$ cat query11.pdb   # PDB, C-alpha atoms and all ligand atoms
MODEL        1
ATOM      1  CA  MET U1372     136.319 154.031 116.633  1.00  0.00           C
ATOM      2  CA  LYS U1373     137.275 151.509 119.300  1.00  0.00           C
ATOM      3  CA  GLY U1374     139.337 152.358 122.333  1.00  0.00           C
ATOM      4  CA  SER U1375     138.632 154.967 124.932  1.00  0.00           C
ATOM      5  CA  LEU U1376     139.741 157.925 122.888  1.00  0.00           C
ATOM      6  CA  LYS U1377     136.731 159.792 121.600  1.00  0.00           C
ATOM      7  CA  ASN U1378     136.430 161.561 118.256  1.00  0.00           C
ATOM      8  CA  ASP U1379     134.761 164.958 118.567  1.00  0.00           C
ATOM      9  CA  GLY U1380     133.750 164.798 114.896  1.00  0.00           C
ATOM     10  CA  LYS U1381     136.425 167.291 113.839  1.00  0.00           C
ATOM     11  CA  GLY U1382     139.216 164.762 113.925  1.00  0.00           C
ATOM     12  CA  VAL U1383     140.288 165.790 117.413  1.00  0.00           C
ATOM     13  CA  PHE U1384     140.642 162.890 119.823  1.00  0.00           C
ATOM     14  CA  GLU U1385     140.210 163.434 123.545  1.00  0.00           C
ATOM     15  CA  MET U1386     140.801 161.141 126.495  1.00  0.00           C
ATOM     16  CA  ARG U1387     137.889 159.878 128.527  1.00  0.00           C
ATOM     17  CA  THR U1388     137.405 162.003 131.604  1.00  0.00           C
ATOM     18  CA  LEU U1389     135.379 161.568 134.732  1.00  0.00           C
ATOM     19  CA  LYS U1390     132.760 164.081 133.630  1.00  0.00           C
ATOM     20  CA  GLU U1391     131.520 161.605 131.018  1.00  0.00           C
ATOM     21  CA  ALA U1392     130.346 159.226 133.749  1.00  0.00           C
ATOM     22  CA  ARG U1393     126.758 160.141 134.511  1.00  0.00           C
ATOM     23  CA  ILE U1394     123.524 159.047 136.111  1.00  0.00           C
ATOM     24  CA  ILE U1395     120.700 158.235 133.676  1.00  0.00           C
ATOM     25  CA  GLU U1396     117.179 158.331 135.088  1.00  0.00           C
ATOM     26  CA  LEU U1397     115.206 155.457 133.589  1.00  0.00           C
ATOM     27  CA  PRO U1398     111.506 155.657 132.700  1.00  0.00           C
ATOM     28  CA  THR U1399     109.366 154.368 135.535  1.00  0.00           C
ATOM     29  CA  PHE U1400     105.722 153.419 135.782  1.00  0.00           C
ATOM     30  CA  PHE U1401     104.688 153.755 139.408  1.00  0.00           C
ATOM     31  CA  ASP U1402     101.753 151.446 140.029  1.00  0.00           C
ATOM     32  CA  ALA U1403      99.861 150.248 143.090  1.00  0.00           C
ATOM     33  CA  ARG U1404     100.508 146.702 141.787  1.00  0.00           C
ATOM     34  CA  GLY U1405     104.261 147.347 141.807  1.00  0.00           C
ATOM     35  CA  ASN U1406     106.573 149.622 139.838  1.00  0.00           C
ATOM     36  CA  LEU U1407     108.182 148.994 136.449  1.00  0.00           C
ATOM     37  CA  SER U1408     111.285 150.533 134.852  1.00  0.00           C
ATOM     38  CA  PHE U1409     112.976 149.721 131.561  1.00  0.00           C
ATOM     39  CA  ALA U1410     115.982 150.511 129.397  1.00  0.00           C
ATOM     40  CA  GLU U1411     116.585 150.096 125.657  1.00  0.00           C
ATOM     41  CA  GLN U1412     119.818 150.236 123.733  1.00  0.00           C
ATOM     42  CA  PHE U1413     120.465 153.514 121.894  1.00  0.00           C
ATOM     43  CA  GLU U1414     117.643 155.062 123.909  1.00  0.00           C
ATOM     44  CA  GLN U1415     118.387 155.246 127.624  1.00  0.00           C
ATOM     45  CA  ILE U1416     121.523 153.098 127.124  1.00  0.00           C
ATOM     46  CA  PRO U1417     124.044 155.001 124.944  1.00  0.00           C
ATOM     47  CA  PHE U1418     125.434 151.886 123.202  1.00  0.00           C
ATOM     48  CA  GLU U1419     124.448 148.556 121.687  1.00  0.00           C
ATOM     49  CA  ILE U1420     124.159 146.019 124.514  1.00  0.00           C
ATOM     50  CA  HIS U1421     126.323 142.958 123.858  1.00  0.00           C
ATOM     51  CA  ARG U1422     126.399 141.474 127.328  1.00  0.00           C
ATOM     52  CA  THR U1423     124.729 141.552 130.677  1.00  0.00           C
ATOM     53  CA  TYR U1424     125.871 140.165 134.010  1.00  0.00           C
ATOM     54  CA  TRP U1425     124.971 140.690 137.624  1.00  0.00           C
ATOM     55  CA  ILE U1426     126.762 140.615 140.946  1.00  0.00           C
ATOM     56  CA  TYR U1427     124.923 139.360 144.042  1.00  0.00           C
ATOM     57  CA  ASP U1428     125.468 137.642 147.406  1.00  0.00           C
ATOM     58  CA  VAL U1429     128.383 139.996 148.085  1.00  0.00           C
ATOM     59  CA  PRO U1430     129.675 139.388 151.632  1.00  0.00           C
ATOM     60  CA  GLY U1431     129.846 142.460 153.889  1.00  0.00           C
ATOM     61  CA  GLY U1432     132.919 144.604 153.301  1.00  0.00           C
ATOM     62  CA  GLU U1433     133.811 143.039 149.930  1.00  0.00           C
ATOM     63  CA  MET U1434     134.637 145.075 146.828  1.00  0.00           C
ATOM     64  CA  ARG U1435     134.067 144.154 143.160  1.00  0.00           C
ATOM     65  CA  GLY U1436     135.468 145.663 140.015  1.00  0.00           C
ATOM     66  CA  GLY U1437     138.714 147.457 140.719  1.00  0.00           C
ATOM     67  CA  HIS U1438     139.748 147.739 137.083  1.00  0.00           C
ATOM     68  CA  ALA U1439     139.289 149.691 133.855  1.00  0.00           C
ATOM     69  CA  PHE U1440     138.186 148.495 130.431  1.00  0.00           C
ATOM     70  CA  VAL U1441     139.984 149.509 127.263  1.00  0.00           C
ATOM     71  CA  ASN U1442     136.897 149.164 125.068  1.00  0.00           C
ATOM     72  CA  ASN U1443     133.910 148.059 127.142  1.00  0.00           C
ATOM     73  CA  GLN U1444     131.395 150.724 128.142  1.00  0.00           C
ATOM     74  CA  GLU U1445     129.027 149.905 130.964  1.00  0.00           C
ATOM     75  CA  VAL U1446     125.767 150.862 132.551  1.00  0.00           C
ATOM     76  CA  ILE U1447     125.381 149.789 136.179  1.00  0.00           C
ATOM     77  CA  ILE U1448     122.019 149.545 137.964  1.00  0.00           C
ATOM     78  CA  ALA U1449     121.311 148.713 141.607  1.00  0.00           C
ATOM     79  CA  LEU U1450     118.379 146.376 140.874  1.00  0.00           C
ATOM     80  CA  SER U1451     118.051 145.729 144.580  1.00  0.00           C
ATOM     81  CA  GLY U1452     119.665 147.281 147.656  1.00  0.00           C
ATOM     82  CA  SER U1453     122.464 149.795 147.378  1.00  0.00           C
ATOM     83  CA  PHE U1454     126.195 150.140 146.721  1.00  0.00           C
ATOM     84  CA  ASP U1455     128.730 152.778 145.699  1.00  0.00           C
ATOM     85  CA  VAL U1456     130.530 152.945 142.367  1.00  0.00           C
ATOM     86  CA  VAL U1457     133.855 154.764 142.665  1.00  0.00           C
ATOM     87  CA  VAL U1458     134.970 156.082 139.269  1.00  0.00           C
ATOM     88  CA  SER U1459     138.381 157.626 138.548  1.00  0.00           C
ATOM     89  CA  ASP U1460     140.018 159.081 135.463  1.00  0.00           C
ATOM     90  CA  GLY U1461     143.425 159.126 137.126  1.00  0.00           C
ATOM     91  CA  ASP U1462     143.146 162.803 138.062  1.00  0.00           C
ATOM     92  CA  ARG U1463     139.905 162.799 139.997  1.00  0.00           C
ATOM     93  CA  ARG U1464     137.542 160.302 141.549  1.00  0.00           C
ATOM     94  CA  GLU U1465     133.831 160.484 142.170  1.00  0.00           C
ATOM     95  CA  VAL U1466     131.554 158.262 144.235  1.00  0.00           C
ATOM     96  CA  PHE U1467     128.137 157.469 142.756  1.00  0.00           C
ATOM     97  CA  SER U1468     125.779 155.968 145.347  1.00  0.00           C
ATOM     98  CA  LEU U1469     123.189 153.789 143.653  1.00  0.00           C
ATOM     99  CA  ASN U1470     120.105 152.922 145.703  1.00  0.00           C
ATOM    100  CA  ARG U1471     117.133 153.064 143.306  1.00  0.00           C
ATOM    101  CA  SER U1472     116.475 150.616 140.471  1.00  0.00           C
ATOM    102  CA  TYR U1473     115.431 153.459 138.138  1.00  0.00           C
ATOM    103  CA  PHE U1474     118.850 155.146 138.292  1.00  0.00           C
ATOM    104  CA  ALA U1475     121.524 153.823 135.947  1.00  0.00           C
ATOM    105  CA  LEU U1476     125.187 154.864 136.003  1.00  0.00           C
ATOM    106  CA  TYR U1477     126.940 155.158 132.636  1.00  0.00           C
ATOM    107  CA  VAL U1478     130.680 154.432 132.878  1.00  0.00           C
ATOM    108  CA  PRO U1479     132.568 154.952 129.606  1.00  0.00           C
ATOM    109  CA  ASN U1480     135.549 152.804 128.718  1.00  0.00           C
ATOM    110  CA  GLY U1481     138.938 154.083 129.846  1.00  0.00           C
ATOM    111  CA  LEU U1482     137.879 154.920 133.416  1.00  0.00           C
ATOM    112  CA  TRP U1483     138.847 153.035 136.583  1.00  0.00           C
ATOM    113  CA  ARG U1484     135.893 151.832 138.611  1.00  0.00           C
ATOM    114  CA  SER U1485     135.144 149.758 141.683  1.00  0.00           C
ATOM    115  CA  LEU U1486     131.912 148.704 143.397  1.00  0.00           C
ATOM    116  CA  GLU U1487     131.911 149.010 147.192  1.00  0.00           C
ATOM    117  CA  ASN U1488     129.665 149.224 150.288  1.00  0.00           C
ATOM    118  CA  PHE U1489     127.142 146.633 149.133  1.00  0.00           C
ATOM    119  CA  SER U1490     124.055 146.426 151.310  1.00  0.00           C
ATOM    120  CA  THR U1491     122.676 143.022 152.293  1.00  0.00           C
ATOM    121  CA  ASN U1492     120.850 141.337 149.392  1.00  0.00           C
ATOM    122  CA  SER U1493     121.925 143.965 146.859  1.00  0.00           C
ATOM    123  CA  VAL U1494     122.063 143.074 143.168  1.00  0.00           C
ATOM    124  CA  ALA U1495     124.255 145.005 140.692  1.00  0.00           C
ATOM    125  CA  LEU U1496     123.139 144.627 137.077  1.00  0.00           C
ATOM    126  CA  GLU U1497     125.778 145.549 134.500  1.00  0.00           C
ATOM    127  CA  LEU U1498     125.083 146.086 130.804  1.00  0.00           C
ATOM    128  CA  GLY U1499     128.152 146.027 128.572  1.00  0.00           C
ATOM    129  CA  SER U1500     128.898 147.265 125.083  1.00  0.00           C
ATOM    130  CA  GLU U1501     131.287 144.350 124.386  1.00  0.00           C
ATOM    131  CA  PRO U1502     131.235 140.577 124.805  1.00  0.00           C
ATOM    132  CA  TYR U1503     133.454 139.282 127.629  1.00  0.00           C
ATOM    133  CA  ASP U1504     137.140 139.614 126.790  1.00  0.00           C
ATOM    134  CA  GLY U1505     139.727 139.128 129.522  1.00  0.00           C
ATOM    135  CA  THR U1506     142.305 141.116 127.525  1.00  0.00           C
ATOM    136  CA  ASP U1507     140.067 144.218 127.680  1.00  0.00           C
ATOM    137  CA  TYR U1508     140.758 144.556 131.433  1.00  0.00           C
ATOM    138  CA  ILE U1509     143.388 146.811 133.019  1.00  0.00           C
ATOM    139  CA  ARG U1510     143.671 145.463 136.565  1.00  0.00           C
ATOM    140  CA  ASP U1511     146.751 147.320 137.779  1.00  0.00           C
ATOM    141  CA  PHE U1512     146.145 150.958 138.781  1.00  0.00           C
ATOM    142  CA  ASP U1513     149.789 151.914 138.070  1.00  0.00           C
ATOM    143  CA  VAL U1514     149.457 150.498 134.546  1.00  0.00           C
ATOM    144  CA  PHE U1515     146.175 152.425 134.162  1.00  0.00           C
ATOM    145  CA  MET U1516     147.914 155.652 135.255  1.00  0.00           C
ATOM    146  CA  LYS U1517     150.785 155.083 132.832  1.00  0.00           C
ATOM    147  CA  LEU U1518     148.393 154.439 129.918  1.00  0.00           C
ATOM    148  CA  LYS U1519     146.540 157.636 130.857  1.00  0.00           C
ATOM    149  CA  ARG U1520     149.768 159.636 131.073  1.00  0.00           C
ATOM    150  CA  ASP U1521     150.831 158.276 127.692  1.00  0.00           C
ATOM    151  CA  GLY U1522     147.449 159.205 126.209  1.00  0.00           C
ATOM    152  CA  LYS U1523     146.740 155.587 125.251  1.00  0.00           C
ATOM    153  CA  ILE U1524     143.376 155.260 126.976  1.00  0.00           C
TER     154      ILE U1524
HETATM  155  P1  LIG C1601     135.557 140.007 137.035  1.00  0.00           P
HETATM  156  O1  LIG C1601     135.217 140.896 135.893  1.00  0.00           O
HETATM  157  O2  LIG C1601     137.001 139.829 137.371  1.00  0.00           O
HETATM  158  O3  LIG C1601     134.801 140.487 138.345  1.00  0.00           O
HETATM  159  P2  LIG C1601     134.790 141.968 138.932  1.00  0.00           P
HETATM  160  O4  LIG C1601     133.597 142.628 138.355  1.00  0.00           O
HETATM  161  O5  LIG C1601     134.706 141.877 140.397  1.00  0.00           O
HETATM  162  O6  LIG C1601     136.042 142.604 138.466  1.00  0.00           O
HETATM  163  O7  LIG C1601     134.913 138.599 136.746  1.00  0.00           O
HETATM  164  C1  LIG C1601     135.023 137.501 137.653  1.00  0.00           C
HETATM  165  C2  LIG C1601     135.106 136.212 136.846  1.00  0.00           C
HETATM  166  O8  LIG C1601     133.957 136.060 136.026  1.00  0.00           O
HETATM  167  C3  LIG C1601     136.311 136.168 135.932  1.00  0.00           C
HETATM  168  O9  LIG C1601     136.927 134.915 136.105  1.00  0.00           O
HETATM  169  C4  LIG C1601     135.753 136.249 134.533  1.00  0.00           C
HETATM  170  C5  LIG C1601     134.330 135.811 134.673  1.00  0.00           C
HETATM  171  N1  LIG C1601     133.422 136.585 133.784  1.00  0.00           N
HETATM  172  C6  LIG C1601     132.945 136.013 132.621  1.00  0.00           C
HETATM  173  O10 LIG C1601     133.258 134.864 132.291  1.00  0.00           O
HETATM  174  N2  LIG C1601     132.085 136.742 131.834  1.00  0.00           N
HETATM  175  C7  LIG C1601     131.718 138.013 132.168  1.00  0.00           C
HETATM  176  O11 LIG C1601     130.937 138.650 131.419  1.00  0.00           O
HETATM  177  C8  LIG C1601     132.249 138.607 133.359  1.00  0.00           C
HETATM  178  C9  LIG C1601     131.917 140.008 133.759  1.00  0.00           C
HETATM  179  C10 LIG C1601     133.099 137.854 134.139  1.00  0.00           C
ENDMDL
END

$ encode --input "query11.pdb" --output "structure tokens" --more "lines below"
Ligand code: TYD
Amino acid sequence: MKGSLKNDGKGVFEMRTLKEARIIELPTFFDARGNLSFAEQFEQIPFEIHRTYWIYDVPGGEMRGGHAFVNNQEVIIALSGSFDVVVSDGDRREVFSLNRSYFALYVPNGLWRSLENFSTNSVALELGSEPYDGTDYIRDFDVFMKLKRDGKI
């Protein structure tokens, strides 16, 4: 099923909550020649990957994100440097500090998220479950809260 409501298999649909956002530790081969980590769809990444993009050259103090997706699920990796991902389900917020390239943050659809506190030369890699679709964005927090209250996301 599309949308951020999740089927528990018994026909009961629940809203996405913050506890579904989680850190995934990626396999890593530590090597004197340099380290290697990887991720595969349906293995470490809990969805089929339909898109990837990356954010870089972020000026000090700038913030990215600041929206929710109706359908798109994401995995965010700090390939270089560090930054914080602030995730909110409308009730609660949690700050995930990413600073190792073998930690990936899974953010389900239907949660508000923003990327903040970028270190110099940091690179944020984002893997998405959906192709780019501007209509999948909720960019107004009040609209997000209303959709949550109404049980629509
Ligand atoms: P946007 O998602 O608004 O950035 P942020 O992550 O800070 O919210 O994307 C910025 C611009 O890039 C916007 O004009 C749309 C474009 N864009 C694409 O064309 N394809 C993509 O996959 C993404 C993520 C953005």

$ residues_around --input "query11.pdb" --residues "Phe1474 in chain U" --least-positions-apart "4" --cutoff "9 Å" --atoms "all atoms listed in the file" --output "list in words"
Ile1394, Ile1395, Glu1396, Leu1397, Ile1447, Ile1448, Ala1449, Leu1469 and Asn1470 of chain U

$ atom_distance --input "query11.pdb" --atom1 "CA of Gly1437 in chain U" --atom2 "CA of Phe1515 in chain U"
11.1 Å

$ atom_distance --input "query11.pdb" --atom1 "CA of Gly1436 in chain U" --atom2 "CA of Pro1398 in chain U"
27.0 Å

$ resolve_selection --input "query11.pdb" --expression "the PyMOL selection byres (((chain U and resi 1411-1418) around 10) and not hetatm)" --output "list of chain:residue names"
U:Ile1395, U:Glu1396, U:Leu1397, U:Pro1398, U:Phe1409, U:Ala1410, U:Glu1419, U:Ile1420, U:His1421, U:Gln1444, U:Glu1445, U:Val1446, U:Ala1475, U:Leu1476, U:Tyr1477, U:Pro1479, U:Leu1498, U:Gly1499, U:Ser1500, U:Glu1501

$ residues_near_ligand --input "query11.pdb" --ligand "ligand LIG 1601 (chain C)" --cutoff "12 Å" --atoms "only C-alpha atoms and all ligand atoms" --output "PyMOL selection string"
chain U and resi 1421-1427+1429+1433-1440+1443+1445+1447+1456+1483-1487+1495-1511

$ closest_residue --input "query11.pdb" --among "U:Asn1442, U:Ser1453, U:Asn1480, U:Thr1388" --to "Val1494 in chain U" --atoms "only C-alpha atoms"
U:Ser1453

$ atom_distance --input "query11.pdb" --atom1 "CA of Asp1513 in chain U" --atom2 "CA of Gly1432 in chain U"
23.9 Å

$ build_atoms --input "query11.pdb" --residues "range 1493-1516 of chain U" --atoms "N, CA, C and O atoms" --output "PDB file, in the coordinates of the input"
ATOM      1  N   SER U1493     121.907 143.076 148.018  1.00  0.00           N
ATOM      2  CA  SER U1493     121.925 143.965 146.859  1.00  0.00           C
ATOM      3  C   SER U1493     122.278 143.171 145.594  1.00  0.00           C
ATOM      4  O   SER U1493     122.951 142.132 145.647  1.00  0.00           O
ATOM      5  N   VAL U1494     121.781 143.684 144.468  1.00  0.00           N
ATOM      6  CA  VAL U1494     122.063 143.074 143.168  1.00  0.00           C
ATOM      7  C   VAL U1494     122.515 144.179 142.225  1.00  0.00           C
ATOM      8  O   VAL U1494     121.795 145.165 142.022  1.00  0.00           O
ATOM      9  N   ALA U1495     123.714 144.033 141.657  1.00  0.00           N
ATOM     10  CA  ALA U1495     124.255 145.005 140.692  1.00  0.00           C
ATOM     11  C   ALA U1495     124.112 144.416 139.298  1.00  0.00           C
ATOM     12  O   ALA U1495     124.733 143.394 138.980  1.00  0.00           O
ATOM     13  N   LEU U1496     123.284 145.053 138.467  1.00  0.00           N
ATOM     14  CA  LEU U1496     123.139 144.627 137.077  1.00  0.00           C
ATOM     15  C   LEU U1496     124.082 145.472 136.225  1.00  0.00           C
ATOM     16  O   LEU U1496     124.122 146.700 136.369  1.00  0.00           O
ATOM     17  N   GLU U1497     124.846 144.813 135.358  1.00  0.00           N
ATOM     18  CA  GLU U1497     125.778 145.549 134.500  1.00  0.00           C
ATOM     19  C   GLU U1497     125.474 145.206 133.042  1.00  0.00           C
ATOM     20  O   GLU U1497     125.378 144.043 132.666  1.00  0.00           O
ATOM     21  N   LEU U1498     125.295 146.233 132.240  1.00  0.00           N
ATOM     22  CA  LEU U1498     125.083 146.086 130.804  1.00  0.00           C
ATOM     23  C   LEU U1498     126.364 146.528 130.122  1.00  0.00           C
ATOM     24  O   LEU U1498     126.888 147.606 130.426  1.00  0.00           O
ATOM     25  N   GLY U1499     126.875 145.713 129.206  1.00  0.00           N
ATOM     26  CA  GLY U1499     128.152 146.027 128.572  1.00  0.00           C
ATOM     27  C   GLY U1499     128.021 146.205 127.074  1.00  0.00           C
ATOM     28  O   GLY U1499     127.150 145.605 126.438  1.00  0.00           O
ATOM     29  N   SER U1500     128.913 147.019 126.527  1.00  0.00           N
ATOM     30  CA  SER U1500     128.898 147.265 125.083  1.00  0.00           C
ATOM     31  C   SER U1500     129.688 146.199 124.319  1.00  0.00           C
ATOM     32  O   SER U1500     129.649 146.180 123.091  1.00  0.00           O
ATOM     33  N   GLU U1501     130.426 145.341 125.046  1.00  0.00           N
ATOM     34  CA  GLU U1501     131.287 144.350 124.386  1.00  0.00           C
ATOM     35  C   GLU U1501     131.043 142.974 125.007  1.00  0.00           C
ATOM     36  O   GLU U1501     130.720 142.875 126.190  1.00  0.00           O
ATOM     37  N   PRO U1502     131.237 141.913 124.218  1.00  0.00           N
ATOM     38  CA  PRO U1502     131.235 140.577 124.805  1.00  0.00           C
ATOM     39  C   PRO U1502     132.407 140.443 125.787  1.00  0.00           C
ATOM     40  O   PRO U1502     133.349 141.240 125.717  1.00  0.00           O
ATOM     41  N   TYR U1503     132.361 139.446 126.663  1.00  0.00           N
ATOM     42  CA  TYR U1503     133.454 139.282 127.629  1.00  0.00           C
ATOM     43  C   TYR U1503     134.778 139.042 126.910  1.00  0.00           C
ATOM     44  O   TYR U1503     134.876 138.227 126.005  1.00  0.00           O
ATOM     45  N   ASP U1504     135.804 139.760 127.357  1.00  0.00           N
ATOM     46  CA  ASP U1504     137.140 139.614 126.790  1.00  0.00           C
ATOM     47  C   ASP U1504     138.136 139.966 127.892  1.00  0.00           C
ATOM     48  O   ASP U1504     138.282 141.135 128.261  1.00  0.00           O
ATOM     49  N   GLY U1505     138.789 138.922 128.409  1.00  0.00           N
ATOM     50  CA  GLY U1505     139.727 139.128 129.522  1.00  0.00           C
ATOM     51  C   GLY U1505     140.844 140.102 129.188  1.00  0.00           C
ATOM     52  O   GLY U1505     141.385 140.763 130.079  1.00  0.00           O
ATOM     53  N   THR U1506     141.195 140.230 127.903  1.00  0.00           N
ATOM     54  CA  THR U1506     142.305 141.116 127.525  1.00  0.00           C
ATOM     55  C   THR U1506     141.869 142.582 127.496  1.00  0.00           C
ATOM     56  O   THR U1506     142.708 143.469 127.316  1.00  0.00           O
ATOM     57  N   ASP U1507     140.571 142.836 127.671  1.00  0.00           N
ATOM     58  CA  ASP U1507     140.067 144.218 127.680  1.00  0.00           C
ATOM     59  C   ASP U1507     140.247 144.869 129.061  1.00  0.00           C
ATOM     60  O   ASP U1507     140.037 146.063 129.223  1.00  0.00           O
ATOM     61  N   TYR U1508     140.640 144.047 130.061  1.00  0.00           N
ATOM     62  CA  TYR U1508     140.758 144.556 131.433  1.00  0.00           C
ATOM     63  C   TYR U1508     142.130 145.187 131.680  1.00  0.00           C
ATOM     64  O   TYR U1508     143.139 144.645 131.272  1.00  0.00           O
ATOM     65  N   ILE U1509     142.155 146.295 132.418  1.00  0.00           N
ATOM     66  CA  ILE U1509     143.388 146.811 133.019  1.00  0.00           C
ATOM     67  C   ILE U1509     143.177 146.672 134.521  1.00  0.00           C
ATOM     68  O   ILE U1509     142.322 147.347 135.103  1.00  0.00           O
ATOM     69  N   ARG U1510     143.926 145.777 135.154  1.00  0.00           N
ATOM     70  CA  ARG U1510     143.671 145.463 136.565  1.00  0.00           C
ATOM     71  C   ARG U1510     144.676 146.095 137.507  1.00  0.00           C
ATOM     72  O   ARG U1510     144.542 145.986 138.723  1.00  0.00           O
ATOM     73  N   ASP U1511     145.705 146.719 136.948  1.00  0.00           N
ATOM     74  CA  ASP U1511     146.751 147.320 137.779  1.00  0.00           C
ATOM     75  C   ASP U1511     146.623 148.845 137.672  1.00  0.00           C
ATOM     76  O   ASP U1511     146.732 149.404 136.571  1.00  0.00           O
ATOM     77  N   PHE U1512     146.393 149.506 138.820  1.00  0.00           N
ATOM     78  CA  PHE U1512     146.145 150.958 138.781  1.00  0.00           C
ATOM     79  C   PHE U1512     147.367 151.710 138.257  1.00  0.00           C
ATOM     80  O   PHE U1512     147.226 152.730 137.575  1.00  0.00           O
ATOM     81  N   ASP U1513     148.582 151.231 138.569  1.00  0.00           N
ATOM     82  CA  ASP U1513     149.789 151.914 138.070  1.00  0.00           C
ATOM     83  C   ASP U1513     149.864 151.823 136.539  1.00  0.00           C
ATOM     84  O   ASP U1513     150.258 152.778 135.868  1.00  0.00           O
ATOM     85  N   VAL U1514     149.478 150.660 136.015  1.00  0.00           N
ATOM     86  CA  VAL U1514     149.457 150.498 134.546  1.00  0.00           C
ATOM     87  C   VAL U1514     148.411 151.440 133.954  1.00  0.00           C
ATOM     88  O   VAL U1514     148.655 152.110 132.934  1.00  0.00           O
ATOM     89  N   PHE U1515     147.245 151.509 134.606  1.00  0.00           N
ATOM     90  CA  PHE U1515     146.175 152.425 134.162  1.00  0.00           C
ATOM     91  C   PHE U1515     146.711 153.866 134.121  1.00  0.00           C
ATOM     92  O   PHE U1515     146.523 154.583 133.128  1.00  0.00           O
ATOM     93  N   MET U1516     147.399 154.280 135.193  1.00  0.00           N
ATOM     94  CA  MET U1516     147.914 155.652 135.255  1.00  0.00           C
ATOM     95  C   MET U1516     148.935 155.903 134.145  1.00  0.00           C
ATOM     96  O   MET U1516     148.959 156.973 133.543  1.00  0.00           O
TER      97      MET U1516
END
